[in-house]
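> Encoded as structure tokens, here's the structure I'll be asking about.
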Amino acid sequence: MAPAPTVPDAPGALPLMGHAPRLRDPLGFLTRTGLVRHEGLARLRVGPFSALLVCDPDLTHRMLVEDRTFDKGGPHYDRAREWLGNGLVSCPHGVHRRQRRAVQPAFHADRMPAYARAMAEQISSITDRWHEGQVLDVLPQLKAITARAAIATMFADMPRNVSVPALIHEFDLLVAGVYRRMWMPAPLDRLPVLGNGRYYQARDRVRRTIGRIIDTYRTRGTDNGDLLSLLLASGSAEGGRAVPDEEVIDQVMTFFVGGTEPPAVALSWALHLLTQHPKVEERLHAEVDSVLTDAGTGASFADLPRLRFTEQVITEALRLYPPLWMVTRTTTTDTELGGHHVKQGTVLVYSPYLIHHRPGLYPDPELFDPDRWGDDSPTKPRKEAFIPFGAGARKCIGDTFGIAEATLALATIARSWRLEPVPGRNVRPSALSVLSPGGLTLKVRSRKLR
Ligand code: HEM
């Protein structure tokens, strides 16, 4: 039998350092070195560390679907586990099905109208405070919306003394820490360098705060019909012991960060892209003006089916800038992928960003074109080509929630406001754990005054 071919190195590896210098501009590395045309696997090297980058959509799909063999692991999840423990996003395959079954009812379609009401309230509570000429640091505003919506829908009985801005700040430190620590050699883990102290303090403070929220729920003993009530009841519902507090804390952290960070980032990219594409913005305004005809109210669940173009704008923003742009897995056994023998314990990397920018899948992939997603678009991509939420059993549980939230927020904002770039302020993609528009500052203009 012919030996399995060796996985080729990704372009541009230097002796000793490997791709480390290239990864200072990771998006350029993915899109400008030929990787977007590469079929199969390519090897990434950073010093002594090596991983396999899965470059084509079908292999990525296979890897995601075979989640027993390609399990959560690798630097991304090893670091995420330091503070998310074994929550749903980071837990290994062995406990995943039980956990997913326990929380799935909270994401049933019949919950969406109530969730959308809570989202709409939070969207208005923030955007109603904006005023003509105000210069917004956009991402914190949007995170305030999504964090509040996550709390209102998933943790309805949040004690009043919990400060949401403080929680958001602590989570920012943790999310930034995951990426920084991904490339940090283990011996440096506990040393007081590179923000380690701040990272551990933030983790401990957040876990204590969430412990207090759980205590409040247990003391009050009421079923709020929300995610946290479901989690607390799930052990006994399966005839087992109550779920330990540590596991509930992992889960609350997971849902808080999952429900806050990616939807806010997706929305911020959409707002940025609209400032660069006035014709698309005009069409968006035309749609929201024709759908949202009741004076003084924002978009609601009933409006969603008619906000098609608004949703297409969000979808296209998720394609161009998928918030989770790079994610890792590790193999639990020797296996085969793309004709290569892959040993147990190998780290694999999949990148929604890379897949979404492949010219073979998207004509003119750098173009912001929401019409790709129109019902009668001749170039509508196939399902393996669009993976902002992953795929298979580990696919995002909040995908519908996230799209609905971003669509409602964008429609509500676009109905009243135009957001303009501020001269001299440049936006640069910041590809850390999450891909966000670094430095996005926009000026608020009232559409009613025009
Ligand atoms: C635009 C919004 C969102 C994006 C782009 C996004 C992205 C993703 C991705 C890519 C994954 C899979 C990660 C992997 O393959 O390792 C994932 C999983 C997950 N997401 Fe989201 N997400 C979004 C919204 C949400 C929301 C709103 C929630 C909670 C309400 C949420 C909670 C989760 C959870 C718990 C998982 C783990 C699912 C499992 O393993 O069973 N996400 N998300």
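Just so we're on the same page: first chain in the structure tokens is A, next is B, and so on; residues restart at 1 for each chain, and ligands are numbered from 1 in the order they show up.
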Per DSSP on the backbone, filter stretch 228-271 of chain A down to the residues in alpha helix (DSSP H) and report them as a CSV table (one decimal) with C-alpha atoms, in the first residue's frame.

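File written: selection-v1.csv
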chain,number,residue,atom,x,y,z
A,228,LEU,CA,-31.0,28.8,34.7
A,229,SER,CA,-34.1,27.2,36.2
A,230,LEU,CA,-33.9,24.5,33.6
A,231,LEU,CA,-30.3,23.8,34.4
A,232,LEU,CA,-31.0,23.7,38.1
A,233,ALA,CA,-33.8,21.2,37.6
A,234,SER,CA,-32.1,19.1,34.9
A,235,GLY,CA,-30.3,16.7,37.3
A,236,SER,CA,-33.5,15.7,39.2
A,237,ALA,CA,-35.5,15.6,35.9
A,245,ASP,CA,-22.9,24.2,41.3
A,246,GLU,CA,-19.5,24.1,39.5
A,247,GLU,CA,-21.2,22.7,36.4
A,248,VAL,CA,-24.0,25.2,36.5
A,249,ILE,CA,-21.4,28.0,36.9
A,250,ASP,CA,-19.6,26.7,33.8
A,251,GLN,CA,-22.9,26.6,31.9
A,252,VAL,CA,-24.0,30.1,32.9
A,253,MET,CA,-20.6,31.5,31.9
A,254,THR,CA,-20.8,29.7,28.6
A,255,PHE,CA,-24.2,31.1,27.8
A,256,PHE,CA,-23.5,34.5,29.0
A,257,VAL,CA,-20.4,34.9,26.8
A,258,GLY,CA,-21.9,33.0,23.9
A,259,GLY,CA,-25.1,35.1,24.0
A,260,THR,CA,-23.2,38.4,24.4
A,261,GLU,CA,-20.0,38.5,22.4
A,262,PRO,CA,-20.7,37.0,18.9
A,263,PRO,CA,-24.1,38.6,18.3
A,264,ALA,CA,-22.8,42.1,19.3
A,265,VAL,CA,-19.7,41.6,17.1
A,266,ALA,CA,-21.8,40.5,14.1
A,267,LEU,CA,-24.0,43.5,14.5
A,268,SER,CA,-21.1,45.9,14.8
A,269,TRP,CA,-19.6,44.5,11.5
A,270,ALA,CA,-23.0,45.0,9.8
A,271,LEU,CA,-23.1,48.6,11.0
> Neighbours of A:Thr6 within 10 Å (only C-alpha atoms; same-chain residues fewer than 4 positions away dropped), as JSON, numbers by chain?
{"A": [41, 42, 43, 339, 340, 341]}
> Around ligand 1, which protein and nucleic acid residues have at least one atom no more than 8 Å from it, if we count only C-alpha atoms and all ligand atoms? List them as a ChimeraX atom specification.
/A:64,72,87-91,96-97,99-100,150,154,251,254-267,318,322-325,327-329,352,387-391,393-403,405-406
> I'd like the neighbourhood of stretch 20-27 of chain A as number ranges by chain, where a residue qualifies if any of its atoms comes within 9 Å (using only C-alpha atoms), though same-chain residues fewer than 2 positions away should be ignored.
A: 12-14, 17-18, 29-32, 45-47, 353-354, 429, 431
> Looking only at strand (DSSP E or B) from DSSP on the backbone, list the matching residues of stretch 60-271 of chain A as an NGL selection string.
:A and (70-72 or 135-137)
> Report as a tab-separated table (two decimals) with C-alpha atoms, in the first residue's frame all protein, DNA and RNA residues lying within 9 Å of A:Ile168, evaluated on only C-alpha atoms, omitting residues in the same chain fewer than 5 positions from it.

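Final file, out_30.tsv:
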chain	number	residue	atom	x	y	z
A	140	PRO	CA	-19.66	48.40	24.12
A	143	LYS	CA	-22.59	44.37	24.02
A	144	ALA	CA	-24.75	46.18	26.56
A	147	ALA	CA	-25.69	41.10	27.51
A	163	SER	CA	-23.49	44.97	37.86
A	173	LEU	CA	-10.64	40.40	29.97
A	257	VAL	CA	-20.37	34.89	26.82
A	260	THR	CA	-23.22	38.40	24.39
> Could you name the residues that touch stretch 121-130 of chain A at 9 Å or less, counting only C-alpha atoms, but leaving out those on the same chain fewer than 6 positions away, as JSON, numbers by chain?
{"A": [136, 141, 142, 144, 145, 146, 148, 149, 152, 297, 298, 405, 408, 409, 412, 413, 417, 444]}
> At what distance in Å, to one decimal, does atom CA of A:Ala404 lie from atom CA of A:His108?
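Interatomic distance, atom CA of A:His108 to atom CA of A:Ala404: 13.6 Å.
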> I'd like the contact shell of stretch 195-203 of chain A - 12 Å cut-off, only C-alpha atoms, skipping same-chain residues fewer than 2 positions apart - returned as an NGL selection string.
:A and (79-85 or 166-181 or 184 or 186 or 188-193 or 205-210 or 249-250 or 253)
> Using atom CA of A:Arg37 and atom CA of A:Gly374 as the two end points, give the distance in Å to one decimal.
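Between atom CA of A:Arg37 and atom CA of A:Gly374 the gap is 25.8 Å.
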> Of the candidates A:Thr407, A:Asp289, A:Pro359, A:Val164, which shows the shortest atom-to-atom distance to A:Pro305, using only C-alpha atoms?
A:Thr407
> For A:Leu284, find every residue with an atom within 8 Å (counting only C-alpha atoms), except residues of its own chain fewer than 5 positions away, and show them as a list in words.
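Counting only the stated atoms, we get Phe309, Thr310 and Ala414 of chain A.
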> Please save all heavy atoms of the selected residues as a compact mmCIF listing (two decimals), in the first residue's frame.

# COMPACT_ATOMS: atom_id res chain seq x y z
N PHE A 309 -34.40 41.58 3.85
CA PHE A 309 -33.15 42.20 3.41
C PHE A 309 -32.26 42.53 4.64
O PHE A 309 -31.04 42.37 4.59
CB PHE A 309 -33.42 43.46 2.57
CG PHE A 309 -32.17 43.99 1.93
CD1 PHE A 309 -31.55 43.30 0.90
CD2 PHE A 309 -31.59 45.18 2.38
CE1 PHE A 309 -30.36 43.77 0.33
CE2 PHE A 309 -30.41 45.66 1.81
CZ PHE A 309 -29.80 44.95 0.78
N THR A 310 -32.92 42.94 5.72
CA THR A 310 -32.16 43.24 6.95
C THR A 310 -31.41 41.98 7.39
O THR A 310 -30.22 42.04 7.73
CB THR A 310 -33.13 43.67 8.08
OG1 THR A 310 -34.03 44.64 7.55
CG2 THR A 310 -32.40 44.23 9.27
N ALA A 414 -31.83 51.15 12.33
CA ALA A 414 -31.92 51.76 10.99
C ALA A 414 -33.20 52.57 10.82
O ALA A 414 -33.26 53.49 10.02
CB ALA A 414 -31.85 50.67 9.92
> One decimal, in Å: what's the spacing between atom CA of A:Ile214 and atom CA of A:Ala114?
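A separation of 22.8 Å between them.
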